[in-house]
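Peer 1: Dropping a structure here in structure tokens format, bear with me for questions.
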Amino acid sequence: MWEARAAQGRGAELLEWARARVLAREPVRREIFRAPQDRVLVLTWWEADAFDAELPELPEPDAELITRPVHRWRFESLDE
């Protein structure tokens, strides 16, 4: 999971930035969400071990596009 908060008034730009990112390889599934306060969330699904695998990740946007560093978390699905 990748989450960032856009600088004031730049939510649409951050959303388009996230949509335009191409990863080194494609995940099984990728969804992009937006939330209040110009937040953008990108969820990716991979066929790999969630915690130990070397997986491509979205980079950090230019500092002037965001209000704080990007947050990244890995989760493991428990519904089989």
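In the structure tokens, chains take the letters A, B, ... in the order shown, each chain's residues start at 1, and ligands count up from 1 in the order shown.
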What parts of chain A does DSSP call strand (DSSP E)? I'd like the answer as a list in words.

Peer 2: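 Matching residues for strand (DSSP E) in chain A are Trp2, Glu3, Ala4, Arg5, Arg29, Arg30, Glu31, Ile32, Phe33, Arg34, Ala35, Arg39, Val40, Leu41, Val42, Leu43, Thr44, Trp45, His71 and Arg72 of chain A.
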
Peer 1: Give me, as a PyMOL selection string, all polymer residues having an atom no more than 7 Å from Val40 in chain A, counting only C-alpha atoms and skipping those fewer than 6 positions away in the same chain.

Peer 2: chain A and resi 3-5+15+33-34

Peer 1: Can you tell me, as a PyMOL selection string, what residues are no more than 12 Å from Pro61 in chain A when counting only C-alpha atoms, ignoring any on the same chain fewer than 2 positions away?

Peer 2: chain A and resi 2-7+13-18+20-21+40+58-59+63-71

Peer 1: Could you tell me how far CA of Arg74 in chain A lies from CA of Gly11 in chain A, in Å and to one decimal?

Peer 2: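 CA of Gly11 in chain A lies 23.8 Å from CA of Arg74 in chain A.
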
Peer 1: Taking only chain A into account, list the residues labelled helix (DSSP H, G or I) by DSSP (computed from the backbone), as a list in words.

Peer 2: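 Here is the list: Gly11, Ala12, Glu13, Leu14, Leu15, Glu16, Trp17, Ala18, Arg19, Ala20, Ala63, Glu64 and Leu65 of chain A.
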
Peer 1: Could you dump the residues just selected with all heavy atoms as an mmCIF file, in the first residue's frame?

Peer 2:
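Contents of again_9.cif, as written:
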data_model
loop_
_atom_site.group_PDB
_atom_site.id
_atom_site.type_symbol
_atom_site.label_atom_id
_atom_site.label_comp_id
_atom_site.auth_asym_id
_atom_site.auth_seq_id
_atom_site.Cartn_x
_atom_site.Cartn_y
_atom_site.Cartn_z
ATOM 1 N N GLY A 11 -4.204 18.035 -5.367
ATOM 2 C CA GLY A 11 -4.718 16.674 -5.286
ATOM 3 C C GLY A 11 -4.899 16.020 -6.646
ATOM 4 O O GLY A 11 -4.521 14.865 -6.843
ATOM 5 N N ALA A 12 -5.472 16.737 -7.596
ATOM 6 C CA ALA A 12 -5.686 16.177 -8.933
ATOM 7 C C ALA A 12 -4.350 15.862 -9.610
ATOM 8 O O ALA A 12 -4.210 14.846 -10.288
ATOM 9 C CB ALA A 12 -6.506 17.135 -9.784
ATOM 10 N N GLU A 13 -3.374 16.713 -9.408
ATOM 11 C CA GLU A 13 -2.048 16.496 -9.992
ATOM 12 C C GLU A 13 -1.374 15.255 -9.395
ATOM 13 O O GLU A 13 -0.771 14.457 -10.115
ATOM 14 C CB GLU A 13 -1.186 17.731 -9.757
ATOM 15 C CG GLU A 13 0.141 17.685 -10.461
ATOM 16 C CD GLU A 13 0.946 18.949 -10.241
ATOM 17 O OE1 GLU A 13 0.406 19.971 -9.745
ATOM 18 O OE2 GLU A 13 2.151 18.916 -10.557
ATOM 19 N N LEU A 14 -1.499 15.084 -8.065
ATOM 20 C CA LEU A 14 -0.925 13.896 -7.426
ATOM 21 C C LEU A 14 -1.633 12.636 -7.908
ATOM 22 O O LEU A 14 -0.982 11.617 -8.178
ATOM 23 C CB LEU A 14 -1.015 14.001 -5.903
ATOM 24 C CG LEU A 14 -0.465 12.805 -5.123
ATOM 25 C CD1 LEU A 14 1.019 12.580 -5.406
ATOM 26 C CD2 LEU A 14 -0.710 12.991 -3.628
ATOM 27 N N LEU A 15 -2.940 12.698 -8.060
ATOM 28 C CA LEU A 15 -3.696 11.557 -8.567
ATOM 29 C C LEU A 15 -3.221 11.171 -9.964
ATOM 30 O O LEU A 15 -2.966 9.996 -10.241
ATOM 31 C CB LEU A 15 -5.193 11.876 -8.563
ATOM 32 C CG LEU A 15 -6.129 10.779 -9.024
ATOM 33 C CD1 LEU A 15 -6.003 9.529 -8.165
ATOM 34 C CD2 LEU A 15 -7.561 11.294 -9.018
ATOM 35 N N GLU A 16 -3.069 12.136 -10.833
ATOM 36 C CA GLU A 16 -2.581 11.850 -12.192
ATOM 37 C C GLU A 16 -1.146 11.345 -12.168
ATOM 38 O O GLU A 16 -0.776 10.464 -12.945
ATOM 39 C CB GLU A 16 -2.704 13.089 -13.079
ATOM 40 C CG GLU A 16 -4.125 13.370 -13.486
ATOM 41 C CD GLU A 16 -4.831 12.155 -14.084
ATOM 42 O OE1 GLU A 16 -4.284 11.514 -15.008
ATOM 43 O OE2 GLU A 16 -5.929 11.826 -13.597
ATOM 44 N N TRP A 17 -0.328 11.875 -11.276
ATOM 45 C CA TRP A 17 1.049 11.412 -11.139
ATOM 46 C C TRP A 17 1.061 9.921 -10.783
ATOM 47 O O TRP A 17 1.794 9.134 -11.387
ATOM 48 C CB TRP A 17 1.763 12.236 -10.064
ATOM 49 C CG TRP A 17 3.186 11.842 -9.840
ATOM 50 C CD1 TRP A 17 4.283 12.382 -10.429
ATOM 51 C CD2 TRP A 17 3.663 10.798 -8.975
ATOM 52 N NE1 TRP A 17 5.417 11.744 -9.985
ATOM 53 C CE2 TRP A 17 5.060 10.762 -9.096
ATOM 54 C CE3 TRP A 17 3.039 9.894 -8.127
ATOM 55 C CZ2 TRP A 17 5.856 9.863 -8.385
ATOM 56 C CZ3 TRP A 17 3.835 8.993 -7.420
ATOM 57 C CH2 TRP A 17 5.218 8.989 -7.560
ATOM 58 N N ALA A 18 0.240 9.532 -9.805
ATOM 59 C CA ALA A 18 0.186 8.123 -9.377
ATOM 60 C C ALA A 18 -0.329 7.235 -10.500
ATOM 61 O O ALA A 18 0.187 6.131 -10.713
ATOM 62 C CB ALA A 18 -0.699 7.987 -8.141
ATOM 63 N N ARG A 19 -1.331 7.680 -11.232
ATOM 64 C CA ARG A 19 -1.874 6.890 -12.353
ATOM 65 C C ARG A 19 -0.839 6.683 -13.455
ATOM 66 O O ARG A 19 -0.848 5.653 -14.119
ATOM 67 C CB ARG A 19 -3.098 7.586 -12.943
ATOM 68 C CG ARG A 19 -4.324 7.450 -12.119
ATOM 69 C CD ARG A 19 -5.496 8.083 -12.826
ATOM 70 N NE ARG A 19 -6.729 7.753 -12.130
ATOM 71 C CZ ARG A 19 -7.767 8.552 -12.064
ATOM 72 N NH1 ARG A 19 -7.745 9.737 -12.639
ATOM 73 N NH2 ARG A 19 -8.853 8.177 -11.411
ATOM 74 N N ALA A 20 0.032 7.639 -13.648
ATOM 75 C CA ALA A 20 1.008 7.579 -14.748
ATOM 76 C C ALA A 20 2.244 6.744 -14.427
ATOM 77 O O ALA A 20 3.015 6.419 -15.336
ATOM 78 C CB ALA A 20 1.437 8.996 -15.125
ATOM 79 N N ALA A 63 9.041 16.720 -3.919
ATOM 80 C CA ALA A 63 8.696 17.241 -2.598
ATOM 81 C C ALA A 63 7.629 18.330 -2.641
ATOM 82 O O ALA A 63 6.791 18.414 -1.742
ATOM 83 C CB ALA A 63 9.955 17.766 -1.906
ATOM 84 N N GLU A 64 7.612 19.147 -3.682
ATOM 85 C CA GLU A 64 6.628 20.228 -3.734
ATOM 86 C C GLU A 64 5.217 19.741 -4.071
ATOM 87 O O GLU A 64 4.254 20.477 -3.929
ATOM 88 C CB GLU A 64 7.054 21.342 -4.699
ATOM 89 C CG GLU A 64 7.378 20.913 -6.090
ATOM 90 C CD GLU A 64 8.809 20.418 -6.281
ATOM 91 O OE1 GLU A 64 9.651 20.544 -5.389
ATOM 92 O OE2 GLU A 64 9.055 19.863 -7.358
ATOM 93 N N LEU A 65 5.076 18.477 -4.474
ATOM 94 C CA LEU A 65 3.762 17.914 -4.793
ATOM 95 C C LEU A 65 3.076 17.320 -3.564
ATOM 96 O O LEU A 65 1.862 17.149 -3.557
ATOM 97 C CB LEU A 65 3.919 16.838 -5.891
ATOM 98 C CG LEU A 65 2.659 16.219 -6.455
ATOM 99 C CD1 LEU A 65 1.718 17.273 -7.031
ATOM 100 C CD2 LEU A 65 3.013 15.199 -7.527
#

Peer 1: Hey, which of A:Glu57, A:Leu78, A:Ile32, A:Pro27 ends up closest to Trp45 in chain A? Count only C-alpha atoms.

Peer 2: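 Ranking A:Glu57, A:Leu78, A:Ile32, A:Pro27 by distance to Trp45 in chain A, first place goes to A:Pro27.
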
Peer 1: Which distance in Å separates CA of Pro56 in chain A and CA of Arg39 in chain A, to one decimal?

Peer 2: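 So the two atoms, CA of Pro56 in chain A and CA of Arg39 in chain A, lie 21.2 Å apart.
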
Peer 1: State, in Å with one decimal place, the distance from CA of Arg10 in chain A to CA of Ala35 in chain A.

Peer 2: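 Rounded to one decimal, the two atoms are 13.1 Å apart.
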
Peer 1: I need the residue nearest Arg72 in chain A from this list: A:Arg25, A:Asp52, A:Glu31, A:Leu41. Use only C-alpha atoms for the distance.

Peer 2: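 Looking only at the distances to Arg72 in chain A, the closest residue turns out to be A:Leu41.
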
Peer 1: Using only C-alpha atoms, which residues sit within 9 Å of Val28 in chain A once same-chain residues fewer than 5 positions away are excluded, as a PyMOL selection string?

Peer 2: chain A and resi 44-47
